[in-house]
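S.K.: Take a look at run.cif, mmCIF, C-alpha atoms:
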data_data
#
loop_
_atom_site.label_atom_id
_atom_site.label_comp_id
_atom_site.auth_asym_id
_atom_site.auth_seq_id
_atom_site.Cartn_x
_atom_site.Cartn_y
_atom_site.Cartn_z
CA MET A 1 20.08 -20.60 -53.45
CA LYS A 2 17.71 -18.12 -51.84
CA VAL A 3 17.45 -18.19 -48.04
CA ALA A 4 15.26 -15.92 -45.92
CA VAL A 5 16.95 -14.36 -42.89
CA TYR A 6 15.58 -13.24 -39.53
CA TRP A 7 18.12 -10.99 -37.78
CA GLY A 8 16.35 -10.58 -34.43
CA CYS A 9 17.04 -7.59 -32.18
CA LYS A 10 20.64 -7.91 -30.97
CA ILE A 11 22.43 -8.20 -34.32
CA PRO A 12 21.06 -5.10 -36.09
CA THR A 13 21.22 -2.92 -32.96
CA ALA A 14 24.57 -3.87 -31.42
CA GLN A 15 26.43 -6.71 -33.15
CA TYR A 16 26.79 -5.20 -36.61
CA ALA A 17 29.92 -7.20 -37.41
CA TYR A 18 27.94 -10.44 -37.47
CA GLU A 19 25.51 -9.10 -40.06
CA MET A 20 28.29 -7.46 -42.07
CA SER A 21 30.33 -10.65 -42.28
CA LEU A 22 27.32 -12.80 -43.16
CA ARG A 23 26.25 -10.44 -45.94
CA GLN A 24 29.78 -10.48 -47.33
CA VAL A 25 30.56 -14.22 -47.25
CA LEU A 26 27.27 -15.90 -48.20
CA PRO A 27 27.18 -14.60 -51.80
CA HIS A 28 30.60 -16.24 -52.30
CA LEU A 29 28.93 -19.52 -51.31
CA ASP A 30 26.08 -18.97 -53.79
CA ILE A 31 23.51 -18.01 -51.15
CA GLU A 32 21.24 -15.00 -51.63
CA LEU A 33 19.70 -13.62 -48.43
CA ILE A 34 16.13 -12.33 -48.41
CA ASP A 35 15.35 -10.11 -45.43
CA LEU A 36 12.01 -10.62 -43.70
CA LYS A 37 9.86 -7.48 -43.57
CA ASN A 38 7.91 -6.13 -40.56
CA THR A 39 9.47 -8.57 -38.12
CA SER A 40 9.07 -8.45 -34.36
CA CYS A 41 11.11 -9.67 -31.40
CA CYS A 42 11.46 -13.46 -31.16
CA GLY A 43 9.70 -13.36 -27.79
CA GLY A 44 12.70 -14.42 -25.69
CA PRO A 45 12.56 -11.47 -23.25
CA VAL A 46 8.89 -12.13 -22.35
CA ARG A 47 9.03 -15.92 -22.25
CA SER A 48 9.10 -16.09 -18.43
CA VAL A 49 6.21 -13.60 -18.19
CA ASN A 50 3.80 -14.80 -20.88
CA THR A 51 4.59 -18.04 -22.71
CA THR A 52 1.74 -17.67 -25.21
CA ALA A 53 2.81 -14.14 -26.16
CA ALA A 54 6.39 -15.31 -26.66
CA LEU A 55 5.21 -18.24 -28.76
CA PHE A 56 3.05 -15.96 -30.91
CA LEU A 57 5.93 -13.54 -31.58
CA SER A 58 8.07 -16.42 -32.84
CA ALA A 59 5.17 -17.91 -34.84
CA ARG A 60 4.57 -14.52 -36.45
CA ASN A 61 8.16 -14.31 -37.65
CA LEU A 62 7.95 -17.85 -38.99
CA ALA A 63 4.76 -16.91 -40.85
CA LEU A 64 6.49 -13.87 -42.38
CA SER A 65 9.06 -16.20 -43.92
CA ASN A 66 6.23 -17.67 -46.04
CA GLN A 67 6.11 -14.41 -47.98
CA THR A 68 9.67 -14.74 -49.26
CA GLY A 69 9.09 -17.64 -51.64
CA THR A 70 11.61 -19.92 -49.89
CA GLU A 71 11.13 -22.55 -47.19
CA ASP A 72 14.64 -22.02 -45.74
CA LEU A 73 15.00 -19.50 -42.92
CA LEU A 74 18.38 -18.50 -41.48
CA VAL A 75 18.33 -17.39 -37.84
CA PRO A 76 21.90 -16.35 -36.84
CA CYS A 77 21.15 -15.52 -33.19
CA ASN A 78 21.25 -18.48 -30.80
CA GLU A 79 18.39 -17.25 -28.61
CA CYS A 80 16.18 -16.41 -31.59
CA HIS A 81 17.02 -19.78 -33.12
CA PHE A 82 15.90 -21.54 -29.94
CA MET A 83 12.69 -19.50 -29.66
CA LEU A 84 11.66 -20.03 -33.30
CA SER A 85 12.61 -23.72 -33.16
CA GLU A 86 10.58 -24.22 -30.00
CA ALA A 87 7.62 -22.40 -31.54
CA LYS A 88 7.72 -24.63 -34.62
CA HIS A 89 7.97 -27.72 -32.42
CA ARG A 90 4.96 -26.66 -30.35
CA ILE A 91 2.83 -25.74 -33.35
CA ASP A 92 3.73 -28.91 -35.22
CA ASN A 93 2.91 -31.17 -32.26
CA ASP A 94 0.09 -29.40 -30.37
CA ALA A 95 -3.17 -29.15 -32.30
CA VAL A 96 -4.79 -26.79 -29.79
CA MET A 97 -1.85 -24.41 -29.81
CA ARG A 98 -1.64 -24.65 -33.61
CA GLU A 99 -5.27 -23.58 -33.93
CA LYS A 100 -4.76 -20.72 -31.47
CA MET A 101 -1.67 -19.44 -33.32
CA GLN A 102 -3.40 -19.68 -36.71
CA GLU A 103 -6.33 -17.68 -35.34
CA LEU A 104 -4.03 -14.92 -34.09
CA LEU A 105 -1.97 -14.88 -37.27
CA SER A 106 -5.06 -14.63 -39.45
CA LYS A 107 -5.72 -11.14 -38.03
CA GLU A 108 -2.72 -10.00 -40.09
CA ASP A 109 -3.54 -12.28 -43.01
CA LEU A 110 -0.57 -14.45 -42.06
CA ALA A 111 -0.34 -18.23 -41.96
CA PHE A 112 2.20 -20.60 -40.46
CA SER A 113 3.74 -23.17 -42.80
CA PRO A 114 4.98 -26.47 -41.30
CA ARG A 115 7.38 -26.76 -44.26
CA VAL A 116 9.66 -23.94 -43.09
CA ARG A 117 13.20 -25.14 -42.35
CA ILE A 118 15.05 -23.22 -39.63
CA TRP A 119 18.82 -22.93 -39.99
CA HIS A 120 21.59 -21.48 -37.87
CA VAL A 121 24.84 -20.29 -39.45
CA ILE A 122 26.64 -23.43 -38.24
CA ASP A 123 24.32 -26.05 -39.74
CA LEU A 124 23.57 -23.94 -42.81
CA LEU A 125 27.27 -24.00 -43.68
CA HIS A 126 28.00 -27.52 -42.45
CA ASP A 127 24.88 -29.34 -43.65
CA MET A 128 23.54 -27.28 -46.57
CA VAL A 129 26.60 -25.62 -48.14
CA LYS A 130 28.83 -28.59 -47.14
CA VAL A 131 32.37 -28.55 -45.81
CA ASP A 132 33.99 -29.64 -49.09
CA SER A 133 32.37 -26.71 -50.89
CA ILE A 134 33.80 -24.31 -48.32
CA LYS A 135 37.25 -25.87 -48.63
CA ALA A 136 37.09 -25.41 -52.40
CA LYS A 137 36.38 -21.68 -51.97
CA VAL A 138 39.28 -20.97 -49.57
CA LYS A 139 41.85 -18.66 -51.17
CA LYS A 140 44.01 -17.90 -48.14
CA PRO A 141 44.19 -20.85 -45.70
CA LEU A 142 44.53 -19.96 -42.03
CA SER A 143 47.36 -22.46 -41.57
CA GLY A 144 49.49 -22.33 -38.47
CA LEU A 145 46.70 -20.90 -36.32
CA LYS A 146 44.92 -22.70 -33.48
CA PHE A 147 41.44 -21.68 -32.33
CA ALA A 148 39.06 -22.73 -29.58
CA VAL A 149 35.38 -22.69 -30.55
CA HIS A 150 32.26 -21.90 -28.55
CA PRO A 151 28.98 -23.17 -30.08
CA GLY A 152 26.84 -21.59 -27.32
CA CYS A 153 24.10 -23.14 -25.23
CA GLN A 154 20.82 -22.49 -26.99
CA ILE A 155 21.58 -24.07 -30.36
CA ILE A 156 22.57 -27.41 -28.82
CA ARG A 157 20.18 -27.65 -25.85
CA PRO A 158 17.51 -28.70 -25.03
CA SER A 159 18.15 -31.83 -27.07
CA GLU A 160 14.51 -33.00 -27.29
CA ILE A 161 13.97 -30.30 -29.92
CA LYS A 162 15.97 -30.86 -33.11
CA ARG A 163 19.09 -28.79 -32.57
CA VAL A 164 22.05 -27.64 -34.63
CA ASP A 165 24.62 -30.11 -33.27
CA HIS A 166 25.14 -32.84 -30.68
CA SER A 167 24.26 -31.56 -27.20
CA GLU A 168 27.27 -33.11 -25.46
CA LYS A 169 29.87 -33.42 -28.19
CA PRO A 170 29.29 -30.62 -30.72
CA ARG A 171 31.84 -30.71 -33.53
CA LYS A 172 30.36 -28.86 -36.51
CA LEU A 173 31.90 -25.49 -35.67
CA ASP A 174 35.31 -27.15 -35.14
CA ILE A 175 35.01 -28.83 -38.54
CA LEU A 176 34.10 -25.54 -40.20
CA VAL A 177 37.15 -23.83 -38.68
CA GLU A 178 39.37 -26.73 -39.75
CA ALA A 179 37.98 -26.38 -43.28
CA LEU A 180 39.74 -22.99 -43.40
CA GLY A 181 43.10 -24.64 -42.74
CA ALA A 182 43.33 -23.83 -39.02
CA GLU A 183 43.58 -26.20 -36.06
CA THR A 184 41.01 -26.41 -33.25
CA LEU A 185 41.40 -27.28 -29.60
CA ASP A 186 39.20 -29.76 -27.75
CA TYR A 187 39.06 -28.36 -24.21
CA PRO A 188 37.16 -29.24 -20.98
CA GLU A 189 35.30 -25.91 -20.75
CA LYS A 190 33.86 -26.09 -24.27
CA LEU A 191 30.23 -26.44 -23.12
CA ASP A 192 30.47 -23.85 -20.32
CA CYS A 193 27.96 -21.01 -20.67
CA CYS A 194 29.16 -17.51 -21.54
CA GLY A 195 27.02 -16.04 -18.75
CA ALA A 196 24.77 -13.89 -20.96
CA ALA A 197 21.58 -15.27 -19.39
CA LEU A 198 22.63 -13.70 -16.07
CA LEU A 199 23.96 -10.41 -17.42
CA TYR A 200 20.96 -8.23 -16.54
CA SER A 201 20.05 -9.88 -13.23
CA HIS A 202 23.41 -10.98 -11.79
CA GLU A 203 26.09 -9.12 -13.72
CA ASP A 204 28.94 -10.15 -11.41
CA ALA A 205 28.09 -13.84 -11.87
CA ALA A 206 27.84 -13.42 -15.65
CA LEU A 207 31.22 -11.72 -15.91
CA SER A 208 32.78 -14.34 -13.65
CA LEU A 209 31.64 -17.10 -16.01
CA THR A 210 32.97 -15.16 -18.98
CA GLY A 211 36.30 -14.39 -17.35
CA SER A 212 36.87 -17.93 -16.09
CA LYS A 213 36.41 -19.43 -19.54
CA LEU A 214 38.57 -16.83 -21.28
CA LYS A 215 41.32 -17.23 -18.70
CA ALA A 216 41.33 -21.01 -19.22
CA LEU A 217 41.59 -20.56 -22.98
CA GLN A 218 44.42 -18.08 -22.65
CA ASP A 219 46.29 -20.58 -20.50
CA TYR A 220 45.81 -23.17 -23.27
CA ASP A 221 47.74 -20.79 -25.55
CA VAL A 222 45.28 -20.61 -28.45
CA ASP A 223 45.58 -17.89 -31.08
CA GLY A 224 41.94 -16.92 -30.92
CA PHE A 225 38.39 -17.80 -29.90
CA VAL A 226 35.50 -18.39 -32.31
CA ASP A 227 31.79 -18.01 -31.61
CA SER A 228 28.58 -17.59 -33.61
CA CYS A 229 26.11 -15.94 -31.21
CA PRO A 230 25.63 -12.18 -30.68
CA TYR A 231 25.05 -12.61 -26.94
CA CYS A 232 28.11 -14.80 -26.44
CA HIS A 233 30.15 -12.39 -28.54
CA THR A 234 29.02 -9.44 -26.42
CA LEU A 235 30.42 -11.12 -23.32
CA TYR A 236 33.62 -12.56 -24.77
CA ASP A 237 34.50 -9.57 -26.92
CA ALA A 238 32.89 -6.33 -25.74
CA ARG A 239 32.94 -7.23 -22.04
CA GLN A 240 36.31 -9.02 -22.03
CA LYS A 241 38.07 -6.34 -19.99
CA ASP A 242 35.22 -6.24 -17.46
CA SER A 243 35.30 -10.02 -17.09
CA ALA A 244 39.07 -9.95 -16.56
CA ALA A 245 38.65 -7.35 -13.82
CA MET A 246 35.93 -9.46 -12.19
CA ILE A 247 38.23 -12.49 -11.79
CA GLY A 248 41.32 -10.41 -11.08
CA GLY A 249 43.13 -11.61 -14.19
CA ASN A 250 44.81 -10.23 -17.28
CA ILE A 251 43.04 -11.41 -20.42
CA SER A 252 43.89 -10.52 -24.01
CA LEU A 253 42.31 -12.98 -26.42
CA SER A 254 41.04 -12.10 -29.91
CA VAL A 255 37.43 -13.23 -30.42
CA PHE A 256 35.97 -13.76 -33.89
CA TYR A 257 32.64 -14.62 -35.41
CA TYR A 258 33.12 -17.71 -37.57
CA THR A 259 31.88 -15.78 -40.59
CA GLN A 260 34.71 -13.28 -40.09
CA LEU A 261 37.32 -16.03 -40.24
CA LEU A 262 35.58 -17.50 -43.27
CA GLY A 263 35.70 -14.09 -44.96
CA LEU A 264 39.41 -13.75 -44.25
CA ALA A 265 40.01 -17.18 -45.80
CA LEU A 266 38.05 -15.96 -48.85
CA LYS A 267 40.45 -12.97 -49.01
CA LEU A 268 37.83 -10.37 -48.10
CA GLY A 269 38.87 -7.15 -46.39
CA ARG A 270 38.95 -6.68 -42.61
CA GLU A 271 36.55 -3.73 -42.60
CA GLU A 272 34.13 -5.50 -44.95
CA LEU A 273 33.90 -8.21 -42.29
CA GLY A 274 33.55 -5.80 -39.37
CA LEU A 275 36.82 -6.77 -37.72
CA HIS A 276 37.39 -3.15 -36.74
CA LEU A 277 34.29 -3.48 -34.54
CA ASN A 278 35.72 -6.41 -32.55
CA GLN A 279 36.99 -4.79 -29.37
CA SER A 280 39.24 -7.76 -28.55
CA PHE A 281 40.88 -8.01 -31.98
CA ASN A 282 44.66 -7.59 -31.96
CA PRO A 283 45.69 -6.60 -35.52
CA GLU A 284 49.38 -6.83 -34.67
CA LYS A 285 49.06 -10.54 -33.88
CA PHE A 286 47.10 -11.48 -36.99
CA LYS A 287 48.77 -10.63 -40.29
CA PHE A 288 45.96 -11.89 -42.48
#
Mind turning this structure into structure tokens?
M.R.:
Amino acid sequence: MKVAVYWGCKIPTAQYAYEMSLRQVLPHLDIELIDLKNTSCCGGPVRSVNTTAALFLSARNLALSNQTGTEDLLVPCNECHFMLSEAKHRIDNDAVMREKMQELLSKEDLAFSPRVRIWHVIDLLHDMVKVDSIKAKVKKPLSGLKFAVHPGCQIIRPSEIKRVDHSEKPRKLDILVEALGAETLDYPEKLDCCGAALLYSHEDAALSLTGSKLKALQDYDVDGFVDSCPYCHTLYDARQKDSAAMIGGNISLSVFYYTQLLGLALKLGREELGLHLNQSFNPEKFKF
């Protein structure tokens, strides 16, 4: 199956491991990725300054997906997924805005298609590939390991726009981890934000949120933590030591992208999956 992919800004400039692991595992699940060409930012950074400009940037990326010959578009970043989903919702349901966006897009000979289907990694694997298909591909089950998962805020809220999973009781990421043979933990802090939204305006507050959640998970004695958002991963992985210092704690918890765990269960190599780029990864603890 061919699926177009919009990487956004964060993944190709900082979170290379996410892209590496996705490019490695999806062919094993019979998915061929088609990269969009000449993309722009999703508009997230300017949303509070100019809503129309942000909407146009997302609409433009959606229009570019029309050129790939597939109606399925994978958006692995949570913020980008929210922005593109909101843009599609607005264009589909607001005739005035739809006309305005089509007028702007026509200047580049682009056109928005209402048939485009926006996917995140979680629902692409859970709803399109299907859990049983993933189980059938597992070559090295991750038995005996217990993980806590973090779906992230922007793919489950706001709930009035069709989102990836239930806004209050998300379970798809848990189910995907369990499909690899591991156990997952249902914990009270599951829906707590990573703090990324505050990172550039109130860094101390952001790191406090990160540290508090990681400390709670460490106290629950899980083997690792699983996310699927480049912003969340930046906080939980790259800024883990900073967040520990902010709350005055000692935190050492390995954080994985789900696609990295999936790759390990498919018997792919650590470096192929970018595990050497995970700053929190403890290779001595995990003898994959």
S.K.: Starting from the point (-1.1, -17.2, -41.6), work out which residues of protein, DNA or RNA have an atom no more than 10 Å away when counting all atoms listed in the file; state them as a CSV table (one decimal) with C-alpha atoms, in the frame of the given file.
M.R.:
chain,number,residue,atom,x,y,z
A,59,ALA,CA,5.2,-17.9,-34.8
A,60,ARG,CA,4.6,-14.5,-36.4
A,62,LEU,CA,8.0,-17.8,-39.0
A,63,ALA,CA,4.8,-16.9,-40.8
A,64,LEU,CA,6.5,-13.9,-42.4
A,66,ASN,CA,6.2,-17.7,-46.0
A,101,MET,CA,-1.7,-19.4,-33.3
A,102,GLN,CA,-3.4,-19.7,-36.7
A,103,GLU,CA,-6.3,-17.7,-35.3
A,104,LEU,CA,-4.0,-14.9,-34.1
A,105,LEU,CA,-2.0,-14.9,-37.3
A,106,SER,CA,-5.1,-14.6,-39.4
A,107,LYS,CA,-5.7,-11.1,-38.0
A,108,GLU,CA,-2.7,-10.0,-40.1
A,109,ASP,CA,-3.5,-12.3,-43.0
A,110,LEU,CA,-0.6,-14.4,-42.1
A,111,ALA,CA,-0.3,-18.2,-42.0
A,112,PHE,CA,2.2,-20.6,-40.5
A,113,SER,CA,3.7,-23.2,-42.8
S.K.: What does the distance between atom CA of A:Ala179 and atom CA of A:Lys135 come to in Å, to one decimal place?
M.R.: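 Computing the Euclidean distance for atom CA of A:Ala179 and atom CA of A:Lys135 yields 5.4 Å.
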S.K.: Near A:Phe82, counting all atoms listed in the file, which residues have an atom at most 12 Å away, once you skip same-chain residues fewer than 3 positions from it, shown as JSON, numbers by chain?
M.R.: {"A": [8, 42, 43, 44, 47, 54, 55, 58, 75, 76, 77, 78, 79, 85, 86, 87, 88, 89, 118, 119, 120, 152, 153, 154, 155, 156, 157, 158, 159, 160, 161, 162, 163, 164, 229]}
S.K.: Enter the distance from atom CA of A:Ser208 to atom CA of A:Asp242, in Å, rounded to one decimal.
M.R.: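 Rounded to one decimal, the two atoms are 9.3 Å apart.
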S.K.: Atom CA of A:Tyr257 to atom CA of A:His126: how many Å, to one decimal?
M.R.: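 Computing the Euclidean distance for atom CA of A:Tyr257 and atom CA of A:His126 yields 15.4 Å.
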S.K.: If we count all atoms listed in the file, what is near A:Lys285 at a cut-off of 12 Å, once residues fewer than 2 positions away on the same chain are taken out, given as a PDB file with C-alpha atoms, keeping the file's coordinate frame?
M.R.:
ATOM      1  CA  LEU A 145      46.700 -20.900 -36.320  1.00  0.00           C
ATOM      2  CA  ASP A 223      45.580 -17.890 -31.080  1.00  0.00           C
ATOM      3  CA  GLY A 224      41.940 -16.920 -30.920  1.00  0.00           C
ATOM      4  CA  SER A 252      43.890 -10.520 -24.010  1.00  0.00           C
ATOM      5  CA  LEU A 253      42.310 -12.980 -26.420  1.00  0.00           C
ATOM      6  CA  SER A 254      41.040 -12.100 -29.910  1.00  0.00           C
ATOM      7  CA  SER A 280      39.240  -7.760 -28.550  1.00  0.00           C
ATOM      8  CA  PHE A 281      40.880  -8.010 -31.980  1.00  0.00           C
ATOM      9  CA  ASN A 282      44.660  -7.590 -31.960  1.00  0.00           C
ATOM     10  CA  PRO A 283      45.690  -6.600 -35.520  1.00  0.00           C
ATOM     11  CA  LYS A 287      48.770 -10.630 -40.290  1.00  0.00           C
ATOM     12  CA  PHE A 288      45.960 -11.890 -42.480  1.00  0.00           C
TER      13      PHE A 288
END
S.K.: Which of these residues is nearest to A:Trp7, using all atoms listed in the file: A:His81, A:Pro27, A:Ser167, A:Thr51?
M.R.: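 Among the listed residues, the smallest separation from A:Trp7 belongs to A:His81.
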S.K.: Decode the PyMOL selection byres ((chain A and resi 247) around 12) for the given file into explicit residues and return them as a list of chain:residue names.
M.R.: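 Output of the PyMOL selection byres ((chain A and resi 247) around 12): A:Asp204, A:Ala205, A:Ala206, A:Leu207, A:Ser208, A:Leu209, A:Thr210, A:Gly211, A:Ser212, A:Lys213, A:Leu214, A:Lys215, A:Ala216, A:Gln240, A:Lys241, A:Asp242, A:Ser243, A:Ala244, A:Ala245, A:Met246, A:Gly248, A:Gly249, A:Asn250, A:Ile251.
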S.K.: Decode the PyMOL selection byres ((chain A and resi 256) around 12) for the given file into explicit residues and return them as a PyMOL selection string.
M.R.: chain A and resi 15+17-18+21+147-150+177+223-230+232-234+236-238+253-255+257-264+270+273-282+286
S.K.: Give me the residues within 7 Å of stretch 28-40 of chain A as a list in words, counting all atoms listed in the file and dropping any in the same chain fewer than 5 places off.
M.R.: Met1, Lys2, Val3, Ala4, Val5, Tyr6, Leu57, Asn61, Leu64, Ser65 and Thr68 of chain A
S.K.: Would you please work out which residue, of A:Cys41, A:Leu235, A:Ala14, A:Ala182, is nearest to A:Glu203 when using all atoms listed in the file?
M.R.: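 When distances to A:Glu203 are compared using all atoms listed in the file, the smallest one comes from A:Leu235.
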S.K.: Given the choices A:Val138, A:Ser48, A:Gln24, A:Cys9, which gets closest to A:Glu271 if the distance is worked out from all atoms listed in the file?
M.R.: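 Answer, going by the shortest atom-to-atom distance: A:Gln24.
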S.K.: Could you add whatever atoms are missing so that stretch 229-259 of chain A carries N, CA and C atoms, then write the result as an mmCIF file, in the coordinates of the input?
M.R.:
data_model
loop_
_atom_site.group_PDB
_atom_site.id
_atom_site.type_symbol
_atom_site.label_atom_id
_atom_site.label_comp_id
_atom_site.auth_asym_id
_atom_site.auth_seq_id
_atom_site.Cartn_x
_atom_site.Cartn_y
_atom_site.Cartn_z
ATOM 1 N N CYS A 229 27.307 -16.419 -31.899
ATOM 2 C CA CYS A 229 26.110 -15.940 -31.210
ATOM 3 C C CYS A 229 26.343 -14.507 -30.776
ATOM 4 N N PRO A 230 25.428 -13.579 -31.058
ATOM 5 C CA PRO A 230 25.630 -12.180 -30.680
ATOM 6 C C PRO A 230 25.702 -11.949 -29.179
ATOM 7 N N TYR A 231 25.001 -12.771 -28.396
ATOM 8 C CA TYR A 231 25.050 -12.610 -26.940
ATOM 9 C C TYR A 231 26.376 -13.113 -26.379
ATOM 10 N N CYS A 232 26.807 -14.272 -26.860
ATOM 11 C CA CYS A 232 28.110 -14.800 -26.440
ATOM 12 C C CYS A 232 29.218 -13.828 -26.831
ATOM 13 N N HIS A 233 29.118 -13.290 -28.036
ATOM 14 C CA HIS A 233 30.150 -12.390 -28.540
ATOM 15 C C HIS A 233 30.204 -11.104 -27.707
ATOM 16 N N THR A 234 29.057 -10.633 -27.274
ATOM 17 C CA THR A 234 29.020 -9.440 -26.420
ATOM 18 C C THR A 234 29.833 -9.657 -25.162
ATOM 19 N N LEU A 235 29.683 -10.823 -24.551
ATOM 20 C CA LEU A 235 30.420 -11.120 -23.320
ATOM 21 C C LEU A 235 31.900 -11.324 -23.599
ATOM 22 N N TYR A 236 32.228 -12.189 -24.545
ATOM 23 C CA TYR A 236 33.620 -12.560 -24.770
ATOM 24 C C TYR A 236 34.442 -11.453 -25.425
ATOM 25 N N ASP A 237 33.780 -10.628 -26.216
ATOM 26 C CA ASP A 237 34.500 -9.570 -26.920
ATOM 27 C C ASP A 237 34.320 -8.218 -26.232
ATOM 28 N N ALA A 238 33.113 -7.676 -26.257
ATOM 29 C CA ALA A 238 32.890 -6.330 -25.740
ATOM 30 C C ALA A 238 33.092 -6.215 -24.226
ATOM 31 N N ARG A 239 32.802 -7.282 -23.505
ATOM 32 C CA ARG A 239 32.940 -7.230 -22.040
ATOM 33 C C ARG A 239 34.158 -7.991 -21.534
ATOM 34 N N GLN A 240 35.131 -8.241 -22.415
ATOM 35 C CA GLN A 240 36.310 -9.020 -22.030
ATOM 36 C C GLN A 240 37.098 -8.345 -20.910
ATOM 37 N N LYS A 241 37.310 -7.043 -21.016
ATOM 38 C CA LYS A 241 38.070 -6.340 -19.990
ATOM 39 C C LYS A 241 37.336 -6.352 -18.645
ATOM 40 N N ASP A 242 36.008 -6.203 -18.697
ATOM 41 C CA ASP A 242 35.220 -6.240 -17.460
ATOM 42 C C ASP A 242 35.292 -7.620 -16.812
ATOM 43 N N SER A 243 35.253 -8.664 -17.643
ATOM 44 C CA SER A 243 35.300 -10.020 -17.090
ATOM 45 C C SER A 243 36.668 -10.318 -16.489
ATOM 46 N N ALA A 244 37.725 -9.773 -17.110
ATOM 47 C CA ALA A 244 39.070 -9.950 -16.560
ATOM 48 C C ALA A 244 39.189 -9.276 -15.197
ATOM 49 N N ALA A 245 38.619 -8.076 -15.091
ATOM 50 C CA ALA A 245 38.650 -7.350 -13.820
ATOM 51 C C ALA A 245 37.868 -8.101 -12.746
ATOM 52 N N MET A 246 36.780 -8.750 -13.154
ATOM 53 C CA MET A 246 35.930 -9.460 -12.190
ATOM 54 C C MET A 246 36.668 -10.642 -11.561
ATOM 55 N N ILE A 247 37.516 -11.327 -12.349
ATOM 56 C CA ILE A 247 38.230 -12.490 -11.790
ATOM 57 C C ILE A 247 39.654 -12.125 -11.370
ATOM 58 N N GLY A 248 39.989 -10.840 -11.497
ATOM 59 C CA GLY A 248 41.320 -10.410 -11.080
ATOM 60 C C GLY A 248 42.420 -10.936 -11.970
ATOM 61 N N GLY A 249 42.143 -11.060 -13.257
ATOM 62 C CA GLY A 249 43.130 -11.610 -14.190
ATOM 63 C C GLY A 249 43.499 -10.626 -15.282
ATOM 64 N N ASN A 250 44.403 -11.030 -16.131
ATOM 65 C CA ASN A 250 44.810 -10.230 -17.280
ATOM 66 C C ASN A 250 44.516 -11.049 -18.527
ATOM 67 N N ILE A 251 43.485 -10.638 -19.263
ATOM 68 C CA ILE A 251 43.040 -11.410 -20.420
ATOM 69 C C ILE A 251 43.179 -10.581 -21.690
ATOM 70 N N SER A 252 43.794 -11.160 -22.690
ATOM 71 C CA SER A 252 43.890 -10.520 -24.010
ATOM 72 C C SER A 252 43.785 -11.617 -25.055
ATOM 73 N N LEU A 253 42.558 -11.882 -25.488
ATOM 74 C CA LEU A 253 42.310 -12.980 -26.420
ATOM 75 C C LEU A 253 41.385 -12.469 -27.539
ATOM 76 N N SER A 254 41.839 -12.563 -28.764
ATOM 77 C CA SER A 254 41.040 -12.100 -29.910
ATOM 78 C C SER A 254 39.860 -13.042 -30.138
ATOM 79 N N VAL A 255 38.668 -12.453 -30.231
ATOM 80 C CA VAL A 255 37.430 -13.230 -30.420
ATOM 81 C C VAL A 255 36.853 -12.886 -31.791
ATOM 82 N N PHE A 256 36.483 -13.923 -32.536
ATOM 83 C CA PHE A 256 35.970 -13.760 -33.890
ATOM 84 C C PHE A 256 34.610 -14.433 -34.030
ATOM 85 N N TYR A 257 33.766 -13.853 -34.889
ATOM 86 C CA TYR A 257 32.640 -14.620 -35.410
ATOM 87 C C TYR A 257 33.201 -15.577 -36.462
ATOM 88 N N TYR A 258 32.623 -16.762 -36.560
ATOM 89 C CA TYR A 258 33.120 -17.710 -37.570
ATOM 90 C C TYR A 258 33.080 -17.095 -38.964
ATOM 91 N N THR A 259 32.020 -16.352 -39.252
ATOM 92 C CA THR A 259 31.880 -15.780 -40.590
ATOM 93 C C THR A 259 32.983 -14.767 -40.900
#
